[in-house]
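Undergrad: Starting off with a structure, shown below.
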Amino acid sequence: ALSQIDAELQIDGNSLAILKGRAQVEGLPQLRASQVEARIPDLAHSPVLQIKGRIAGPAADALAFVNRSPLLGITGHALEQARISGQTQVQLQFDMPLHHVDATKVEGLVQFPGNDMQFTPDTPLLAATRGSLRFSEQGFNVPQARTQLLGGELVFQGGMAAGRNSPVSLRGQGSASAAGLRAAPWPALATLGQVASGSTAYQVQLDFQGAATGVQLSSSLQGLALALPAPLGKAAADSQPLRFEIMPQPGAGGRQRDLLSLDLGPSGQPVLSARYEREHEGEQTQVLRGAFAL
């Protein structure tokens with residue numbers, strides 16, 4: 001719903017148009033709609049409502065708008081725990097057959113001019129994110145965006161495939177510094193950062209489906225020195241493959257479970273392995289069982 005509407009209404013035979021529209025989004029007064037045009041070209045025969053316009057304001061309010069709308073269910077609650085700061089702008093266009101509203105077509109573009117965002121409490125902060133997000137009634141896509149993560153820049157892309165409750169997947173390549181690892185929300189990487197210096201390149205993939213979050217991160221660790229006893233220590237110029245994963249597991253009673261794993265060394269013959277099965281309820285996390293091998 002919109003409030004404080006300022007626009008022109010035109011009626012011409014069977015056609016109706018609202019032009020030069022400006023308004024506030026009801027309940028979120030800092031979100032301002034502008035350049036709004038709404039048309040029904042033919043009121044008498046299979047009327048189709050065509051709307052386009054722009055919404056601008058605090059990104060947190062724009063996210064609240066999404067989570068109050070049918071998009072929350074369509075995305076499988078993928079953004080329900082997300083947090084975002086700064087400003088944003090949304091360009092929106094849709095065609096709604098008034099006798100067949102299920103056939104509504106939507107197109108939109110969200111601009112990120114440098115926002116800080118976090119998808120879930122278990123995932124790191126994406127700082128100073130710049131890029132765009134395109135969406136439709138089928139899903140959404142991030143063609144390419146840049147953000148600050150783990151002490152370096154991350155270039156990522158991805159989105160949500162067509163279909164209700166499809167997973168959201170983001171993948172990218174970046175660089176991580178020892179200081180960035182120490183600040184990571186994942187204890188396994190934060191501990192590694194305590195004995196590291198320098199920086200290294202990595203590849204990462206984040207998957208969200210409802211409240212479940214999956215993480216896959218890999219790196220050769222070249223450029224990062226590890227001040228550890230043999231066989232774990234390494235000079236910055238040496239390679240030592242690292243694989244870090246958080247994989248969602250079946251849970252019960254409203255609790256989410258996942259398996260956290262860390263392998264350091266060649267695939268199949270790591271010099272260090274760690275496994276933790278965890279259970280989450282609200283903001284509380286409990287380690288159910290684990291294994292550590294050297």
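We name chains A, B, ... following the order of the structure tokens; residues begin at 1 in each chain, and ligands are numbered from 1 as shown.
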What's around Ala60 in chain A at 9 Å? Count only C-alpha atoms, leave out sequence neighbours fewer than 4 positions away in its own chain, and write the answer as a list in words.

TA: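 Final neighbour list, sorted by chain and number: Ala64, Phe65, Arg83, Ile84, Ser85, Gly86, Gln87 and Thr88 of chain A.
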
Undergrad: Which residue out of A:Leu192, A:Leu232, A:Val36, A:Val204 has the minimum interatomic distance to Gly174 in chain A when only C-alpha atoms are used?

TA: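 With only C-alpha atoms as the atom set, the closest residue is A:Val204.
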
Undergrad: Could you pull the residues within 7 Å of range 214-226 of chain A, counting only C-alpha atoms, minus those fewer than 6 positions along the same chain, as JSON, numbers by chain?

TA: {"A": [195, 196, 197, 198, 199, 200, 201, 202, 203, 204, 205, 206, 207, 208, 233, 234, 235, 236, 237, 238, 239, 240, 241, 242, 243, 244, 245, 246, 247, 248]}

Undergrad: When distances are computed from only C-alpha atoms, which of A:Ala82, A:Leu49, A:Ser69, A:Ala274 shows the smallest separation from Ala103 in chain A?

TA: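 Closest to Ala103 in chain A of all the choices is A:Leu49.
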
Undergrad: Can you tell me, as a PyMOL selection string, what residues are no more than 6 Å from Gln35 in chain A when counting only C-alpha atoms, ignoring any on the same chain fewer than 5 positions away?

TA: chain A and resi 20-21+53

Undergrad: Could you turn the residues from that selection into a file that holds N, CA, C and O atoms, as a PDB file, in the first residue's frame?

TA:
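Contents of again-v1.pdb, as written:
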```pdb
ATOM      1  N   LYS A  20       3.247  10.530 -13.390  1.00  0.00           N
ATOM      2  CA  LYS A  20       4.050  11.424 -12.549  1.00  0.00           C
ATOM      3  C   LYS A  20       3.785  11.171 -11.069  1.00  0.00           C
ATOM      4  O   LYS A  20       3.675  12.101 -10.264  1.00  0.00           O
ATOM      5  N   GLY A  21       3.674   9.899 -10.708  1.00  0.00           N
ATOM      6  CA  GLY A  21       3.310   9.544  -9.342  1.00  0.00           C
ATOM      7  C   GLY A  21       4.460   9.635  -8.363  1.00  0.00           C
ATOM      8  O   GLY A  21       5.595   9.267  -8.667  1.00  0.00           O
ATOM      9  N   GLY A  53       8.130   2.119 -11.931  1.00  0.00           N
ATOM     10  CA  GLY A  53       8.508   3.223 -11.073  1.00  0.00           C
ATOM     11  C   GLY A  53       9.809   2.932 -10.361  1.00  0.00           C
ATOM     12  O   GLY A  53      10.500   1.948 -10.648  1.00  0.00           O
TER      13      GLY A  53
END
```

Undergrad: Show which residues sit within 6 Å of range 129-131 of chain A, as a PyMOL selection string. Count only C-alpha atoms, and ignore same-chain residues fewer than 2 positions away.

TA: chain A and resi 112-115+127+145-147

Undergrad: Which residues are close to range 283-293 of chain A, i.e. within 12 Å by only C-alpha atoms, leaving aside same-chain residues fewer than 2 positions away? Reply as a list in words.

TA: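 Listing them by chain and then by number gives Gln81, Thr120, Pro121, Asp122, Ala188, Arg255, Gln256, Arg257, Asp258, Leu259, Leu260, Ser261, Leu262, Asp263, Leu264, Gln269, Pro270, Val271, Leu272, Ser273, Ala274, Arg275, Tyr276, Glu277, Arg278, Glu279, His280 and Glu281 of chain A.
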
Undergrad: Which residues, written as a PyMOL selection string, have at least one atom at most 6 Å from Phe94 in chain A, with only C-alpha atoms counted and residues fewer than 3 positions away on the same chain left out?

TA: chain A and resi 50-51+105-106

Undergrad: Would you write out those residues with N, CA and C atoms, as a compact mmCIF listing (two decimals), in the first residue's frame?

TA:
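The result, written out as out-v5.txt:
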```txt
# COMPACT_ATOMS: atom_id res chain seq x y z
N GLN A 50 -0.44 -2.25 -15.75
CA GLN A 50 0.99 -2.11 -16.02
C GLN A 50 1.54 -1.00 -15.13
N ILE A 51 2.53 -1.35 -14.32
CA ILE A 51 3.11 -0.37 -13.39
C ILE A 51 4.62 -0.36 -13.54
N LYS A 105 3.73 -10.75 -14.30
CA LYS A 105 5.13 -10.74 -14.67
C LYS A 105 5.82 -9.55 -13.99
N VAL A 106 6.99 -9.81 -13.41
CA VAL A 106 7.71 -8.80 -12.64
C VAL A 106 9.13 -8.67 -13.17
```

Undergrad: Give me every strand (DSSP E) residue in range 30-70 of chain A, going by DSSP on the backbone, as a ChimeraX atom specification.

TA: /A:30-40,48-58

Undergrad: Separation of CA of Asp61 in chain A and CA of Val48 in chain A, in Å?

TA: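 Straight-line distance from CA of Asp61 in chain A to CA of Val48 in chain A works out to 29.0 Å.
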
Undergrad: Have a look at A:Ser46, A:Gln138, A:Gln118, A:Gln144 and name the one nearest to Pro97 in chain A; count only C-alpha atoms.

TA: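 Under the stated criterion, the closest residue is A:Ser46.
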
Undergrad: So what do you get for CA of Gln89 in chain A versus CA of Glu8 in chain A, distance-wise?

TA: 23.3 Å

Undergrad: Of the candidates A:Gly152, A:Pro266, A:Pro58, A:Gly139, which shows the shortest atom-to-atom distance to Ser166 in chain A, using only C-alpha atoms?

TA: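 Nearest to Ser166 in chain A: A:Gly139.
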
Undergrad: Using CA of Ala23 in chain A and CA of Arg68 in chain A as the two end points, give the distance in Å to one decimal.

TA: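 CA of Arg68 in chain A lies 18.4 Å from CA of Ala23 in chain A.
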